[in-house]
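Structure first, commentary second.
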Amino acid sequence: MKNTRSAILVALVFGVVLLLQQSLFIVQQTQQALVIQLGHPLDKVYRPGLHIKLPFIQKVVYFDARILDYDARPAEALTSDLKSMVLDNYARWKIVDPLRFYRTMRTETNAQARLDAVIYSQIRAHIGRHTLTEVVNDERTAIMDSVTAKASEQMKEFGIKLVDVRIKRTDLPAENQRAIFDRMRAERERQATQYRSEGVEESTKIRSEADKERALILAEANKKSQVLRGEGDAEAARIYAEAFSRSPEFFSFQRGLEALRKSLGENTRMILTPDSPLLQPIK
């Protein structure tokens, strides 16, 4: 009898514990919850704390109340100047209406798929209105702010708020990269050839100017040397004339020596008589 009572007591305690487990639920600080009754959500959104529900016929679905990150897959988009580019973007979003979110999306996986479609369509639309340069440099921030606003407006009906959409990285498709690299190489080679030809032209011009200046300097120097030589010869002739006019015998002697010097060269034989004029200077 005593064992029966103990078993009944244990069963009652177990039942009470099970009933409490099925009736009470806790929502954490980072969560928000809905109570689902027979497959339909109740209108109340449960915030952090301890709450009560009907056991067995009601269940609790939890949603994250924090800002969530979604890293989209890289996708191609076409700019207004018909340049194809691969965009790698991410989004930060939050569930602001759990009831609407559950009725439309059910799970975060479905929400991310919907976000992917909406954000990608908005990015393509905005990128298509700008050039490649504007997307990469000038208008990038403004484009992403506009994408965030437009996509967030579309996601309102799903109980989602888009906090931010940003492009992490922009790349060119592989075939475009090769074409661009080939064009860049050809352009650099063209510039190198142009610079070389301009260098050769400039060096030729400088060399021509230098040769011209050298010829002018040499001509001027030769002219001055001729003038100086002529002046020297004139001065020497004057001095000789003055000296010879003072002593005609010395002039005659000098003339004789000069004649002998010019007449008697190497391996030269001459037959002279004692009365030869050429011997007069040395008599």
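Chain labels A, B, ... are given in the sequence in which chains occur in the structure tokens; within each chain residues are numbered consecutively from 1, and ligands are likewise numbered from 1 in the order shown.
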
Once you count only C-alpha atoms, what closest atom pair and distance in Å to one decimal does each residue of region 29-129 of chain A within 12 Å of region 139-142 of chain A have, with rows by chain and rising residue number, as a Markdown table?
```
| residue | atom | partner | partner_atom | distance |
| --- | --- | --- | --- | --- |
| A:Leu87 | CA | A:Arg140 | CA | 11.9 |
| A:Ile123 | CA | A:Arg140 | CA | 11.1 |
| A:His126 | CA | A:Ala142 | CA | 10.1 |
| A:Ile127 | CA | A:Arg140 | CA | 9.4 |
| A:Arg129 | CA | A:Glu139 | CA | 10.9 |
```

Write out, as an mmCIF file, in the first residue's frame, the residues just selected, with N, CA, C and O atoms.
```cif
data_model
loop_
_atom_site.group_PDB
_atom_site.id
_atom_site.type_symbol
_atom_site.label_atom_id
_atom_site.label_comp_id
_atom_site.auth_asym_id
_atom_site.auth_seq_id
_atom_site.Cartn_x
_atom_site.Cartn_y
_atom_site.Cartn_z
ATOM 1 N N LEU A 87 29.741 41.802 -58.364
ATOM 2 C CA LEU A 87 29.570 42.492 -57.091
ATOM 3 C C LEU A 87 29.445 41.475 -55.966
ATOM 4 O O LEU A 87 28.655 40.536 -56.042
ATOM 5 N N ILE A 123 20.202 46.323 -56.767
ATOM 6 C CA ILE A 123 21.583 46.638 -57.153
ATOM 7 C C ILE A 123 21.716 46.688 -58.669
ATOM 8 O O ILE A 123 22.337 47.597 -59.231
ATOM 9 N N HIS A 126 20.156 49.938 -59.970
ATOM 10 C CA HIS A 126 20.933 51.143 -59.686
ATOM 11 C C HIS A 126 22.264 51.147 -60.444
ATOM 12 O O HIS A 126 22.678 52.197 -60.963
ATOM 13 N N ILE A 127 22.923 50.000 -60.508
ATOM 14 C CA ILE A 127 24.187 49.925 -61.246
ATOM 15 C C ILE A 127 23.966 50.238 -62.716
ATOM 16 O O ILE A 127 24.803 50.871 -63.374
ATOM 17 N N ARG A 129 22.214 52.378 -64.007
ATOM 18 C CA ARG A 129 22.057 53.818 -64.260
ATOM 19 C C ARG A 129 23.352 54.601 -64.054
ATOM 20 O O ARG A 129 23.351 55.831 -64.134
#
```

Item to complete: Go through region 63-172 of chain A and collect every residue that DSSP, computed from the backbone, puts in strand (DSSP E); the answer should be as a PyMOL selection string.
Response: chain A and resi 63-64+68-71+75-78+84-95+160-171

Item to complete: Can you work out the spacing between CA of Leu228 (chain A) and CA of Ala215 (chain A) in Å, to one decimal?
Response: 19.6 Å

Name all residues at most 9 Å from Asp81 (chain A) (count only C-alpha atoms; drop same-chain ones fewer than 3 positions away) and give them as a PDB file with C-alpha atoms, in the first residue's frame.
```
ATOM      1  CA  LEU A  78      25.856  45.646 -66.126  1.00  0.00           C
ATOM      2  CA  GLY A 128      22.533  50.057 -64.673  1.00  0.00           C
ATOM      3  CA  ARG A 129      22.057  53.818 -64.260  1.00  0.00           C
ATOM      4  CA  HIS A 130      25.727  54.581 -63.543  1.00  0.00           C
ATOM      5  CA  THR A 131      29.064  54.096 -65.280  1.00  0.00           C
ATOM      6  CA  LEU A 132      31.791  51.770 -64.074  1.00  0.00           C
TER       7      LEU A 132
END
```

Discussion item. Taking only region 66-265 of chain A into account, list the residues labelled helix (DSSP H, G or I) by DSSP (computed from the backbone), as a PyMOL selection string.
Written reply: chain A and resi 98-104+108-127+132-138+140-158+174-246+248-263

Item to complete: Determine, counting only C-alpha atoms, which protein, DNA and RNA residues have an atom within 6 Å of an atom of region 52-68 of chain A; residues of the same chain fewer than 6 positions away are not included. Present the result as a ChimeraX atom specification.
Response: /A:22-24,30-37,92-94

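Picture a line from CA of Asn137 (chain A) to CA of Arg188 (chain A); it runs 23.1 Å.
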
Practice prompt. Would you mind listing what lies within 9 Å of region 155-166 of chain A as a VMD selection string, with only C-alpha atoms counted and same-chain residues fewer than 5 positions away left out?
Written response: chain A and resid 67 88 to 105 111 114 to 115 118 to 119 141 144 to 145 147 to 150

Expected file contents, prior selection, C-alpha atoms, as a compact mmCIF listing (two decimals), in the first residue's frame:
```txt
# COMPACT_ATOMS: atom_id res chain seq x y z
CA ILE A 67 20.70 42.73 -36.14
CA ASP A 88 30.15 40.85 -53.71
CA ASN A 89 27.78 42.52 -51.24
CA TYR A 90 26.43 41.96 -47.74
CA ALA A 91 23.34 43.14 -45.85
CA ARG A 92 22.45 43.77 -42.20
CA TRP A 93 18.80 43.23 -41.33
CA LYS A 94 16.43 42.85 -38.42
CA ILE A 95 13.08 41.20 -37.71
CA VAL A 96 10.89 44.09 -36.54
CA ASP A 97 7.48 42.40 -36.85
CA PRO A 98 7.73 38.73 -35.82
CA LEU A 99 4.04 38.07 -36.48
CA ARG A 100 4.19 39.30 -40.07
CA PHE A 101 7.57 37.62 -40.53
CA TYR A 102 6.17 34.25 -39.42
CA ARG A 103 3.11 34.53 -41.66
CA THR A 104 5.16 35.42 -44.75
CA MET A 105 8.67 33.98 -44.31
CA ALA A 111 14.03 35.43 -45.44
CA ARG A 114 13.99 36.75 -50.34
CA LEU A 115 16.59 39.32 -49.31
CA VAL A 118 15.25 41.91 -53.63
CA ILE A 119 18.74 43.30 -52.99
CA THR A 141 28.09 55.34 -51.23
CA MET A 144 24.26 51.75 -51.76
CA ASP A 145 22.24 54.15 -49.59
CA VAL A 147 19.62 50.45 -52.61
CA THR A 148 19.20 50.13 -48.84
CA ALA A 149 16.19 52.49 -48.79
CA LYS A 150 14.44 50.87 -51.76
```
